[in-house]
$ cat entry.txt   # compact mmCIF, C-alpha atoms and all ligand atoms
# COMPACT_ATOMS: atom_id res chain seq x y z
CA MET A 1 -54.01 51.55 6.47
CA SER A 2 -52.93 54.51 4.34
CA ALA A 3 -55.41 55.96 1.87
CA PRO A 4 -54.28 55.72 -1.76
CA PHE A 5 -53.28 59.00 -3.37
CA ASN A 6 -56.25 60.65 -5.00
CA PRO A 7 -55.31 63.52 -7.35
CA SER A 8 -58.91 64.77 -7.56
CA ASP A 9 -59.13 65.17 -3.79
CA PRO A 10 -58.34 68.81 -2.93
CA THR A 11 -57.26 67.79 0.59
CA ASP A 12 -54.64 65.47 -0.87
CA VAL A 13 -51.69 67.80 -1.07
CA THR A 14 -49.03 65.26 -1.90
CA SER A 15 -47.86 65.19 -5.50
CA ASP A 16 -47.09 62.06 -7.49
CA LEU A 17 -43.46 63.00 -7.49
CA GLU A 18 -43.35 63.30 -3.72
CA ILE A 19 -44.94 59.88 -3.38
CA LYS A 20 -42.33 58.39 -5.71
CA ASP A 21 -39.61 60.15 -3.70
CA ALA A 22 -41.12 58.81 -0.51
CA GLN A 23 -41.25 55.28 -1.91
CA VAL A 24 -37.61 55.38 -2.91
CA ILE A 25 -36.56 56.85 0.43
CA PHE A 26 -38.66 54.49 2.49
CA ASN A 27 -37.61 51.37 0.58
CA THR A 28 -33.94 52.28 0.90
CA VAL A 29 -34.25 52.93 4.64
CA TRP A 30 -36.32 49.78 5.22
CA ARG A 31 -33.91 47.57 3.28
CA THR A 32 -30.92 48.90 5.21
CA LEU A 33 -32.71 48.42 8.53
CA THR A 34 -33.76 44.87 7.69
CA GLU A 35 -30.20 44.00 6.70
CA ASP A 36 -28.80 45.55 9.87
CA VAL A 37 -31.16 44.16 12.50
CA GLY A 38 -32.98 41.24 10.83
CA HIS A 39 -36.68 40.85 10.00
CA GLU A 40 -37.78 39.61 13.43
CA HIS A 41 -36.17 42.60 15.15
CA LEU A 42 -38.18 45.16 13.20
CA THR A 43 -40.17 45.88 16.33
CA PHE A 44 -41.78 49.31 16.35
CA PRO A 45 -43.74 50.98 19.16
CA LYS A 46 -47.30 49.86 19.83
CA GLU A 47 -48.32 53.50 20.16
CA LEU A 48 -46.88 56.50 18.37
CA ILE A 49 -47.74 59.99 19.46
CA LEU A 50 -46.71 62.42 16.76
CA LEU A 51 -46.32 65.84 18.25
CA GLY A 52 -46.49 68.61 15.71
CA GLY A 53 -46.92 72.35 15.65
CA ALA A 54 -45.21 75.60 14.84
CA PRO A 55 -41.87 76.40 16.48
CA GLY A 56 -42.62 77.73 19.96
CA ALA A 57 -46.10 76.14 20.03
CA GLY A 58 -45.14 74.31 23.24
CA LYS A 59 -44.19 70.82 22.04
CA GLY A 60 -41.22 70.58 24.38
CA THR A 61 -43.14 72.23 27.20
CA HIS A 62 -46.05 69.77 27.07
CA THR A 63 -44.23 66.55 26.21
CA ARG A 64 -43.89 65.42 29.81
CA PHE A 65 -47.58 66.11 30.46
CA ILE A 66 -48.68 64.17 27.37
CA MET A 67 -46.45 61.23 28.27
CA GLN A 68 -47.85 61.14 31.79
CA ALA A 69 -51.39 61.21 30.41
CA ARG A 70 -50.58 58.17 28.24
CA GLY A 71 -48.56 56.37 30.92
CA LEU A 72 -45.30 56.46 28.95
CA THR A 73 -42.03 56.58 30.86
CA CYS A 74 -39.40 56.48 28.11
CA PRO A 75 -37.75 59.75 27.06
CA PRO A 76 -39.41 61.63 24.18
CA ILE A 77 -37.76 61.48 20.78
CA VAL A 78 -36.96 65.07 19.83
CA VAL A 79 -36.20 64.70 16.17
CA SER A 80 -34.19 67.89 15.82
CA ASN A 81 -31.87 66.69 18.60
CA LEU A 82 -31.19 63.49 16.66
CA LEU A 83 -30.09 65.53 13.67
CA ASN A 84 -26.79 66.67 15.08
CA THR A 85 -24.23 66.14 12.33
CA PRO A 86 -22.34 69.37 11.40
CA GLU A 87 -24.20 69.59 8.05
CA ALA A 88 -27.58 69.15 9.73
CA GLN A 89 -26.61 71.70 12.37
CA LYS A 90 -25.84 74.31 9.70
CA ILE A 91 -29.19 73.71 7.99
CA LYS A 92 -31.03 74.02 11.34
CA ASP A 93 -29.18 77.26 12.15
CA ASP A 94 -30.54 78.79 8.94
CA GLY A 95 -34.12 77.81 9.88
CA ARG A 96 -34.31 75.35 6.95
CA MET A 97 -35.07 71.64 7.03
CA VAL A 98 -32.79 68.62 6.96
CA GLY A 99 -33.27 66.18 4.04
CA ASP A 100 -36.09 63.64 4.24
CA GLN A 101 -33.90 60.58 3.70
CA GLU A 102 -31.62 61.46 6.60
CA VAL A 103 -34.57 62.21 8.91
CA VAL A 104 -36.55 59.07 8.03
CA GLY A 105 -33.47 56.86 8.41
CA ILE A 106 -32.58 58.24 11.83
CA VAL A 107 -36.16 58.25 13.15
CA LEU A 108 -36.91 54.67 12.12
CA ARG A 109 -33.68 53.37 13.63
CA GLU A 110 -34.38 55.19 16.89
CA LEU A 111 -37.91 53.75 17.08
CA LEU A 112 -36.56 50.20 17.10
CA LYS A 113 -35.05 50.65 20.56
CA GLU A 114 -36.50 48.39 23.23
CA GLN A 115 -37.46 51.32 25.49
CA TYR A 116 -40.11 52.48 22.99
CA ARG A 117 -41.82 49.09 22.63
CA ASP A 118 -45.04 50.23 24.34
CA GLY A 119 -45.09 53.71 22.94
CA ALA A 120 -43.09 56.73 21.90
CA VAL A 121 -43.60 60.44 21.54
CA LEU A 122 -42.06 61.86 18.41
CA ASP A 123 -41.55 65.60 18.70
CA GLY A 124 -41.14 67.06 15.22
CA PHE A 125 -41.98 64.21 12.84
CA PRO A 126 -43.36 64.20 10.19
CA ARG A 127 -42.47 67.70 9.00
CA THR A 128 -42.92 67.35 5.22
CA SER A 129 -45.37 65.58 2.94
CA VAL A 130 -42.63 63.13 1.92
CA GLN A 131 -42.17 62.27 5.62
CA VAL A 132 -45.95 61.79 5.93
CA GLU A 133 -45.86 59.33 3.04
CA CYS A 134 -42.93 57.50 4.64
CA LEU A 135 -44.85 57.35 7.91
CA LYS A 136 -47.86 55.80 6.16
CA MET A 137 -45.58 53.22 4.54
CA LEU A 138 -44.04 52.47 7.92
CA VAL A 139 -47.45 51.96 9.50
CA ASP A 140 -48.50 49.69 6.62
CA ARG A 141 -45.35 47.60 7.11
CA VAL A 142 -45.90 47.37 10.85
CA VAL A 143 -49.51 46.25 10.31
CA GLN A 144 -48.20 43.66 7.87
CA LEU A 145 -45.67 42.43 10.47
CA HIS A 146 -48.50 42.27 13.00
CA GLY A 147 -50.35 39.89 10.66
CA GLU A 148 -47.25 37.80 9.93
CA TYR A 149 -46.42 37.24 13.59
CA ALA A 150 -50.03 37.06 14.86
CA ASP A 151 -50.01 33.41 15.92
CA THR A 152 -46.37 33.06 16.87
CA PRO A 153 -44.56 33.40 20.22
CA LEU A 154 -43.26 36.79 19.01
CA ALA A 155 -46.77 38.24 18.57
CA ILE A 156 -46.43 40.51 21.61
CA ASN A 157 -43.59 42.38 19.88
CA PHE A 158 -45.73 43.00 16.83
CA ARG A 159 -48.96 44.46 18.14
CA ARG A 160 -51.25 46.49 15.91
CA PRO A 161 -49.93 50.05 16.04
CA THR A 162 -52.01 53.02 17.14
CA ILE A 163 -51.07 56.42 15.80
CA HIS A 164 -52.08 59.69 17.41
CA ALA A 165 -51.21 62.96 15.73
CA MET A 166 -51.33 65.85 18.14
CA VAL A 167 -51.00 69.27 16.60
CA LEU A 168 -50.46 72.28 18.84
CA PHE A 169 -51.68 75.34 17.02
CA VAL A 170 -50.40 78.91 17.48
CA GLY A 171 -50.36 81.86 15.10
CA GLU A 172 -47.26 83.63 13.79
CA LYS A 173 -47.03 86.26 16.52
CA THR A 174 -47.20 83.75 19.37
CA SER A 175 -44.75 81.47 17.58
CA VAL A 176 -42.19 84.23 17.09
CA ASP A 177 -42.68 85.66 20.62
CA ARG A 178 -42.21 82.26 22.21
CA GLN A 179 -39.15 81.35 20.15
CA LEU A 180 -37.52 84.63 21.24
CA GLN A 181 -38.65 84.09 24.83
CA ARG A 182 -37.04 80.63 24.78
CA GLY A 183 -33.84 82.19 23.40
CA LYS A 184 -33.80 84.70 26.26
CA GLU A 185 -34.51 82.00 28.87
CA ILE A 186 -31.70 79.77 27.62
CA GLU A 187 -29.26 82.70 27.45
CA ALA A 188 -30.11 83.70 31.04
CA TYR A 189 -29.70 80.11 32.16
CA ASN A 190 -26.36 79.76 30.39
CA ARG A 191 -25.10 83.00 31.98
CA GLU A 192 -25.91 81.54 35.38
CA VAL A 193 -24.09 78.30 34.55
CA THR A 194 -21.03 80.28 33.44
CA GLU A 195 -21.04 82.46 36.56
CA THR A 196 -21.62 79.71 39.12
CA GLY A 197 -19.91 76.82 37.35
CA ILE A 198 -22.96 74.69 38.26
CA GLY A 199 -24.94 72.86 35.55
CA ARG A 200 -24.42 72.28 31.86
CA LEU A 201 -24.72 74.84 29.08
CA HIS A 202 -27.80 74.41 26.85
CA GLU A 203 -27.67 74.87 23.12
CA VAL A 204 -29.26 78.13 21.89
CA ARG A 205 -30.72 78.02 18.40
CA SER A 206 -29.68 81.04 16.38
CA THR A 207 -33.32 81.29 15.19
CA ASP A 208 -34.38 81.86 18.82
CA LEU A 209 -32.25 85.00 19.01
CA ASP A 210 -33.19 86.76 15.81
CA PRO A 211 -36.81 87.88 15.12
CA GLU A 212 -36.28 87.66 11.36
CA LYS A 213 -34.98 84.08 11.51
CA ALA A 214 -37.74 83.10 13.96
CA ARG A 215 -40.31 84.46 11.49
CA ARG A 216 -38.66 82.56 8.64
CA ARG A 217 -38.90 79.35 10.68
CA TYR A 218 -42.60 79.97 11.13
CA GLN A 219 -42.99 80.57 7.38
CA VAL A 220 -41.19 77.31 6.57
CA PHE A 221 -43.57 75.60 9.01
CA LYS A 222 -46.64 77.14 7.31
CA GLU A 223 -45.40 76.28 3.81
CA LYS A 224 -44.04 72.78 4.32
CA THR A 225 -45.32 71.31 7.55
CA TRP A 226 -48.82 72.64 8.12
CA ASP A 227 -50.46 70.86 5.16
CA ALA A 228 -48.45 67.73 5.85
CA LEU A 229 -49.81 67.65 9.41
CA GLN A 230 -53.36 68.31 8.17
CA SER A 231 -53.19 65.28 5.91
CA LEU A 232 -52.74 63.06 8.99
CA LYS A 233 -56.33 63.91 9.93
CA GLU A 234 -57.74 61.51 7.38
CA ILE A 235 -55.88 58.45 8.59
CA TYR A 236 -54.92 58.59 12.27
CA HIS A 237 -56.43 59.72 15.55
CA TYR A 238 -56.00 63.43 15.10
CA HIS A 239 -55.97 65.87 18.00
CA PHE A 240 -55.98 69.56 17.18
CA ILE A 241 -54.99 71.58 20.23
CA ASN A 242 -55.42 75.31 20.58
CA ALA A 243 -52.08 76.18 22.17
CA GLU A 244 -52.45 79.97 22.27
CA GLY A 245 -53.53 80.07 25.92
CA ALA A 246 -51.66 79.77 29.19
CA ILE A 247 -49.87 76.50 29.96
CA ASP A 248 -52.61 75.09 32.22
CA GLU A 249 -55.29 75.91 29.63
CA VAL A 250 -53.32 74.09 26.95
CA GLU A 251 -52.91 71.12 29.28
CA ALA A 252 -56.65 71.03 29.89
CA ASN A 253 -57.20 71.04 26.10
CA ILE A 254 -54.72 68.18 25.70
CA LEU A 255 -56.35 66.09 28.41
CA ARG A 256 -59.80 66.56 26.91
CA GLU A 257 -58.46 65.31 23.59
CA LEU A 258 -56.71 62.28 24.99
CA GLN A 259 -59.73 60.67 26.62
CA TYR A 260 -59.62 56.90 26.79
CA GLN A 261 -60.53 55.46 23.41
CA SER A 262 -60.20 51.73 23.94
CA SER A 263 -62.37 50.78 20.98
CA LEU A 264 -59.83 52.43 18.70
CA GLU A 265 -56.69 51.36 20.49
CA LEU A 266 -57.11 47.79 21.65
CA ASP A 267 -56.57 44.78 19.48
CA PRO A 268 -60.07 43.83 18.20
CA ARG A 269 -59.86 40.46 20.03
CA THR A 270 -59.03 42.16 23.32
CA PHE A 271 -61.82 44.66 22.75
CA ASP A 272 -64.37 41.90 22.09
CA ARG A 273 -63.33 40.10 25.26
CA LEU A 274 -63.87 43.23 27.37
CA SER A 275 -66.96 44.62 25.68
CA PRO A 276 -69.62 42.76 27.78
CA ILE A 277 -68.47 44.88 30.73
CA PRO A 278 -70.13 48.29 30.42
CA LEU A 279 -68.19 51.52 30.66
CA ALA A 280 -68.56 53.51 33.87
CA GLU A 281 -70.07 56.41 31.96
CA GLU A 282 -72.76 54.12 30.52
CA ILE A 283 -73.96 52.81 33.84
CA ILE A 284 -74.19 56.22 35.43
CA ILE A 285 -76.45 57.64 32.74
CA HIS A 286 -79.66 56.07 34.08
CA ALA A 287 -78.49 55.54 37.66
CA ARG A 288 -80.85 58.07 39.19
CA GLN A 289 -83.95 56.86 37.28
CA ASP A 290 -83.10 53.25 38.16
CA LEU A 291 -82.79 54.14 41.83
CA VAL A 292 -86.17 55.90 41.85
CA ARG A 293 -87.81 52.94 40.13
CA ARG A 294 -86.35 50.49 42.67
CA LEU A 295 -87.41 52.57 45.66
CA ASP A 296 -90.97 52.91 44.36
CA SER A 297 -91.16 49.17 43.75
CA TYR A 298 -90.03 48.50 47.37
CA GLU A 299 -92.86 50.71 48.60
CA LEU A 300 -95.46 49.12 46.33
CA GLU A 301 -94.43 45.49 46.38
CA HIS A 302 -92.57 44.93 49.67
CA SER A 303 -93.94 47.68 51.87
CA GLU A 304 -93.65 45.74 55.13
CA LEU A 305 -89.97 44.91 54.73
CA PHE A 306 -89.26 48.38 53.37
CA GLY A 307 -90.94 49.96 56.40
CA LYS A 308 -88.79 47.86 58.73
CA VAL A 309 -85.55 48.82 56.99
CA VAL A 310 -86.44 52.53 57.04
CA GLU A 311 -87.31 52.20 60.72
CA LEU A 312 -83.96 50.53 61.44
CA VAL A 313 -82.02 53.20 59.55
CA GLU A 314 -83.79 55.90 61.49
CA SER A 315 -83.41 54.37 64.95
CA ARG A 316 -80.06 52.59 64.79
CA PHE A 317 -77.99 54.14 62.01
CA MET A 318 -78.82 57.81 62.04
CA PRO A 319 -77.77 58.51 65.64
CA ILE A 320 -74.30 57.11 64.86
CA ILE A 321 -74.03 58.83 61.50
CA THR A 322 -75.08 62.17 63.00
CA ARG A 323 -72.21 61.94 65.43
CA HIS A 324 -69.81 61.71 62.44
CA ALA A 325 -71.21 64.72 60.61
CA LEU A 326 -67.87 66.50 60.69
CA SER A 327 -65.76 63.77 59.12
CA GLY A 328 -68.40 62.38 56.78
CA ARG A 329 -67.45 58.78 57.56
CA ALA A 330 -69.16 56.27 59.83
CA ILE A 331 -69.02 52.52 60.26
CA VAL A 332 -72.02 50.78 61.78
CA ASN A 333 -72.02 47.13 62.81
CA ASN A 334 -75.35 45.36 62.74
CA GLU A 335 -76.41 41.78 63.46
CA ASP A 336 -80.12 42.18 62.81
CA SER A 337 -81.57 39.06 61.18
CA LEU A 338 -83.62 41.38 58.98
CA PHE A 339 -80.62 41.60 56.70
CA ASP A 340 -80.52 37.84 56.14
CA ASP A 341 -82.98 38.72 53.40
CA PRO A 342 -80.74 40.08 50.60
CA LEU A 343 -83.56 42.39 49.51
CA ALA A 344 -83.31 44.20 52.86
CA LEU A 345 -79.61 44.89 52.22
CA ALA A 346 -80.36 46.18 48.73
CA MET A 347 -83.01 48.46 50.25
CA LEU A 348 -80.54 49.75 52.83
CA ILE A 349 -78.02 50.75 50.16
CA ASP A 350 -80.71 52.41 48.01
CA ILE A 351 -82.20 54.32 50.94
CA PHE A 352 -78.79 55.75 51.76
CA SER A 353 -78.12 56.63 48.11
CA GLU A 354 -81.44 58.45 47.85
CA ARG A 355 -80.65 60.51 50.94
CA GLY A 356 -77.19 61.49 49.63
CA PHE A 357 -75.04 58.96 51.51
CA ASN A 358 -72.81 56.32 50.04
CA ALA A 359 -73.16 52.98 51.83
CA CYS A 360 -71.29 49.78 51.28
CA VAL A 361 -71.80 46.54 53.13
CA ASP A 362 -69.30 43.99 54.31
CA LYS A 363 -70.78 40.70 55.49
CA THR A 364 -68.87 38.30 57.75
CA ILE A 365 -69.97 35.07 59.39
CA ARG A 366 -69.29 34.88 63.10
CA LYS A 367 -68.96 31.40 64.63
CA THR A 368 -69.67 30.87 68.30
CA PRO A 369 -68.87 27.42 69.81
CA ASN A 370 -72.04 25.98 71.29
CA SER A 371 -71.48 22.23 71.69
CA VAL A 372 -68.79 19.59 72.05
CA ASP A 373 -69.15 15.97 71.07
CA LEU A 374 -67.46 14.28 74.05
CA GLN A 375 -66.78 11.13 72.10
CA THR A 376 -65.08 12.63 69.07
CA GLY A 377 -64.01 15.98 70.52
CA THR A 378 -65.71 17.77 67.60
CA ILE A 379 -66.84 21.27 68.46
CA GLY A 380 -70.16 22.52 67.09
CA PHE A 381 -70.63 26.17 66.15
CA LEU A 382 -73.53 28.49 65.92
CA GLU A 383 -73.18 30.77 62.91
CA HIS A 384 -74.62 34.20 62.48
CA SER A 385 -74.00 37.06 60.13
CA VAL A 386 -72.48 40.37 61.06
CA TYR A 387 -72.98 43.30 58.70
CA ARG A 388 -70.45 46.06 58.73
CA ILE A 389 -71.82 49.06 56.92
CA HIS A 390 -69.44 51.79 55.76
CA ILE A 391 -71.20 55.08 55.25
CA ARG A 392 -69.66 58.09 53.59
CA PHE A 393 -71.07 61.49 52.88
CA GLU A 394 -69.84 65.02 52.43
CA GLY A 395 -68.79 66.04 55.93
CA SER A 396 -68.99 69.53 57.30
CA SER A 397 -66.16 71.79 56.16
CA ILE A 398 -66.55 73.87 59.35
CA ARG A 399 -64.41 72.19 61.97
CA ARG A 400 -63.93 74.97 64.47
CA GLY A 401 -66.26 77.69 65.63
N1 LIG B 501 -48.87 78.02 26.69
C1 LIG B 501 -47.74 78.73 26.85
N2 LIG B 501 -47.80 79.96 27.41
C2 LIG B 501 -46.68 80.69 27.56
N3 LIG B 501 -45.45 80.28 27.21
C3 LIG B 501 -45.33 79.05 26.65
C4 LIG B 501 -46.47 78.20 26.44
N4 LIG B 501 -46.03 77.06 25.87
C5 LIG B 501 -44.70 77.18 25.72
N5 LIG B 501 -44.28 78.37 26.19
C6 LIG B 501 -42.91 78.90 26.19
O1 LIG B 501 -42.58 79.10 24.82
C7 LIG B 501 -41.26 78.72 24.56
C8 LIG B 501 -41.19 77.67 23.47
O2 LIG B 501 -41.82 76.47 23.93
P1 LIG B 501 -41.31 75.05 23.46
O3 LIG B 501 -42.05 74.04 24.25
O4 LIG B 501 -39.81 75.00 23.47
O5 LIG B 501 -41.85 75.04 21.92
P2 LIG B 501 -41.61 73.97 20.76
O6 LIG B 501 -40.99 72.75 21.39
O7 LIG B 501 -42.99 73.73 20.22
O8 LIG B 501 -40.74 74.68 19.76
C9 LIG B 501 -40.67 78.26 25.89
O9 LIG B 501 -39.96 79.36 26.44
C10 LIG B 501 -41.90 77.94 26.73
O10 LIG B 501 -41.64 78.15 28.09
$ encode --input "entry.txt" --output "structure tokens"
Amino acid sequence: MSAPFNPSDPTDVTSDLEIKDAQVIFNTVWRTLTEDVGHEHLTFPKELILLGGAPGAGKGTHTRFIMQARGLTCPPIVVSNLLNTPEAQKIKDDGRMVGDQEVVGIVLRELLKEQYRDGAVLDGFPRTSVQVECLKMLVDRVVQLHGEYADTPLAINFRRPTIHAMVLFVGEKTSVDRQLQRGKEIEAYNREVTETGIGRLHEVRSTDLDPEKARRRYQVFKEKTWDALQSLKEIYHYHFINAEGAIDEVEANILRELQYQSSLELDPRTFDRLSPIPLAEEIIIHARQDLVRRLDSYELEHSELFGKVVELVESRFMPIITRHALSGRAIVNNEDSLFDDPLALAMLIDIFSERGFNACVDKTIRKTPNSVDLQTGTIGFLEHSVYRIHIRFEGSSIRRG
């Protein structure tokens, strides 16, 4: 799945040395994990959403929204919260980055948890080009496991992984302003907790309180993380989000990016099975032209029947529908034998569509007893069809004078 390193490619920012580092780190982490949990428990999420962006870009703010959009209910994995040893804490306080081996080890172990089987959001990984290389190696291994377990009872735990990289972009000024704003918000919140004794104190990053440190964090992001995130573009579904705007604008940008992409996400066998069924957006493209063609063919080829259906709509349906003009909903029952011809029903639906109504028909068979065999006691029934037609349209918004 990962592209081989190509030194002549200017977009390939990873050096040979970093790849070697990554290989050593990844192999060490993978070996330890395999020894600890066993090969058949190396079950990683089916979907990984990698959330990247400058500090203050809004990763934390938008995580819940992104998870809802993807139907994920497990908690997000905030990588910096996992790095909570005293040494890591000191490094974070200085606005620097924790070592790759520690990060990769912790992240991979976390991803094995059952709750992330369908998908996980990783906030803040990968942050360096070595971490990107480790991620690629992880994905390659997971694809390999998918192949190994394909025709076994464990296949469902080893589905082909889908990787989305979502990068929220903001410039330095916004990044620094928002980090400091977050610092102020957390301080105000903590003051309230102290005064009222209600709630739990939140951790304040020292970089969120000091403009110089906040700027340094942004610089570290630009120098180490930005290119690493860019390199994900070549290999995974990459979503670049302009996150400079207001929260609802950013959410709209995210939603636009995360449109359903089943051809890329589903297992190829599942996709093949579903592909004969057209997508909704495909069938609506020519819907209007198709309707016009059908109506003209009714007029030209079945004018007598068409005339009768139009006449029936006018005399029997419209008076009832008109009475429901406020609500925009009417149900009309009809037992006319005209509709025993399926073409008449098709005409009815098309006539309503052309005039701006939505009609849908429910057919039931009504049985009326009409004879009894006195010898056997068997009752004979007369059957006839009843059509219940549900009509919807945009009702009047003016309800009172
Ligand atoms: N689009 C936005 N407009 C205004 N403020 C925002 C926006 N996105 C995030 N914020 C604010 O910026 C601060 C940092 O956001 P956060 O989500 O913690 O960033 P990150 O997780 O990327 O470091 C928070 O105070 C948050 O309320």
$ closest_residue --input "entry.txt" --among "A:His39, A:Gln115, A:Ala120, A:Tyr218" --to "ligand LIG 501 (chain B)" --atoms "all atoms listed in the file"
A:Tyr218
$ residues_around --input "entry.txt" --residues "Ile25 of chain A" --least-positions-apart "4" --cutoff "7 Å" --atoms "only C-alpha atoms" --output "list in words"
Asp21, Val29 and Gln101 of chain A
$ write_last_selection --input "entry.txt" --atoms "C-alpha atoms" --output "mmCIF file, in the coordinates of the input"
data_model
loop_
_atom_site.group_PDB
_atom_site.id
_atom_site.type_symbol
_atom_site.label_atom_id
_atom_site.label_comp_id
_atom_site.auth_asym_id
_atom_site.auth_seq_id
_atom_site.Cartn_x
_atom_site.Cartn_y
_atom_site.Cartn_z
ATOM 1 C CA ASP A 21 -39.610 60.150 -3.700
ATOM 2 C CA VAL A 29 -34.250 52.930 4.640
ATOM 3 C CA GLN A 101 -33.900 60.580 3.700
#
$ atom_distance --input "entry.txt" --atom1 "atom CA of Ile186 of chain A" --atom2 "atom C6 of ligand LIG 501 (chain B)"
11.3 Å
$ axis_aligned_box --input "entry.txt" --around "segment 117-122 of chain A" --padding-each-side "4 Å" --output "lines of an AutoDock Vina configuration file"
center_x = -43.5
center_y = 55.5
center_z = 21.4
size_x = 11.3
size_y = 20.8
size_z = 13.9
$ closest_residue --input "entry.txt" --among "A:Glu187, A:Glu102, A:Asp140, A:Glu110" --to "ligand LIG 501 (chain B)" --atoms "all atoms listed in the file"
A:Glu187
$ residues_near_ligand --input "entry.txt" --ligand "ligand LIG 501 (chain B)" --cutoff "10 Å" --atoms "all atoms listed in the file" --output "JSON, numbers by chain"
{"A": [51, 52, 53, 54, 55, 56, 57, 58, 59, 60, 61, 62, 63, 78, 123, 124, 167, 168, 169, 170, 174, 175, 176, 177, 178, 179, 180, 181, 182, 183, 184, 185, 186, 208, 242, 243, 244, 245, 246, 247, 248, 249, 250, 251]}
$ build_atoms --input "entry.txt" --residues "segment 157-176 of chain A" --atoms "N, CA and C atoms" --output "mmCIF file, keeping the file's coordinate frame"
data_model
loop_
_atom_site.group_PDB
_atom_site.id
_atom_site.type_symbol
_atom_site.label_atom_id
_atom_site.label_comp_id
_atom_site.auth_asym_id
_atom_site.auth_seq_id
_atom_site.Cartn_x
_atom_site.Cartn_y
_atom_site.Cartn_z
ATOM 1 N N ASN A 157 -44.485 41.323 20.395
ATOM 2 C CA ASN A 157 -43.590 42.380 19.880
ATOM 3 C C ASN A 157 -44.128 43.042 18.621
ATOM 4 N N PHE A 158 -45.208 42.483 18.096
ATOM 5 C CA PHE A 158 -45.730 43.000 16.830
ATOM 6 C C PHE A 158 -47.228 43.307 16.956
ATOM 7 N N ARG A 159 -47.553 44.114 17.949
ATOM 8 C CA ARG A 159 -48.960 44.460 18.140
ATOM 9 C C ARG A 159 -49.411 45.466 17.090
ATOM 10 N N ARG A 160 -50.722 45.521 16.901
ATOM 11 C CA ARG A 160 -51.250 46.490 15.910
ATOM 12 C C ARG A 160 -50.949 47.908 16.394
ATOM 13 N N PRO A 161 -50.318 48.714 15.564
ATOM 14 C CA PRO A 161 -49.930 50.050 16.040
ATOM 15 C C PRO A 161 -51.103 51.030 16.102
ATOM 16 N N THR A 162 -51.023 51.938 17.047
ATOM 17 C CA THR A 162 -52.010 53.020 17.140
ATOM 18 C C THR A 162 -51.248 54.329 16.932
ATOM 19 N N ILE A 163 -51.780 55.179 16.085
ATOM 20 C CA ILE A 163 -51.070 56.420 15.800
ATOM 21 C C ILE A 163 -51.947 57.617 16.197
ATOM 22 N N HIS A 164 -51.407 58.437 17.063
ATOM 23 C CA HIS A 164 -52.080 59.690 17.410
ATOM 24 C C HIS A 164 -51.252 60.841 16.843
ATOM 25 N N ALA A 165 -51.921 61.743 16.138
ATOM 26 C CA ALA A 165 -51.210 62.960 15.730
ATOM 27 C C ALA A 165 -51.769 64.090 16.573
ATOM 28 N N MET A 166 -50.873 64.747 17.297
ATOM 29 C CA MET A 166 -51.330 65.850 18.140
ATOM 30 C C MET A 166 -50.690 67.128 17.631
ATOM 31 N N VAL A 167 -51.533 68.044 17.188
ATOM 32 C CA VAL A 167 -51.000 69.270 16.600
ATOM 33 C C VAL A 167 -51.330 70.452 17.499
ATOM 34 N N LEU A 168 -50.274 71.102 17.991
ATOM 35 C CA LEU A 168 -50.460 72.280 18.840
ATOM 36 C C LEU A 168 -50.479 73.497 17.921
ATOM 37 N N PHE A 169 -51.569 74.218 17.951
ATOM 38 C CA PHE A 169 -51.680 75.340 17.020
ATOM 39 C C PHE A 169 -51.433 76.689 17.688
ATOM 40 N N VAL A 170 -50.526 77.490 17.107
ATOM 41 C CA VAL A 170 -50.400 78.910 17.480
ATOM 42 C C VAL A 170 -50.195 79.721 16.191
ATOM 43 N N GLY A 171 -50.548 80.977 16.247
ATOM 44 C CA GLY A 171 -50.360 81.860 15.100
ATOM 45 C C GLY A 171 -48.929 82.394 15.054
ATOM 46 N N GLU A 172 -48.644 83.172 13.986
ATOM 47 C CA GLU A 172 -47.260 83.630 13.790
ATOM 48 C C GLU A 172 -46.725 84.443 14.961
ATOM 49 N N LYS A 173 -47.538 85.369 15.476
ATOM 50 C CA LYS A 173 -47.030 86.260 16.520
ATOM 51 C C LYS A 173 -46.620 85.455 17.761
ATOM 52 N N THR A 174 -47.520 84.555 18.184
ATOM 53 C CA THR A 174 -47.200 83.750 19.370
ATOM 54 C C THR A 174 -45.964 82.900 19.109
ATOM 55 N N SER A 175 -45.892 82.320 17.904
ATOM 56 C CA SER A 175 -44.750 81.470 17.580
ATOM 57 C C SER A 175 -43.437 82.258 17.700
ATOM 58 N N VAL A 176 -43.419 83.431 17.084
ATOM 59 C CA VAL A 176 -42.190 84.230 17.090
ATOM 60 C C VAL A 176 -41.880 84.674 18.527
#
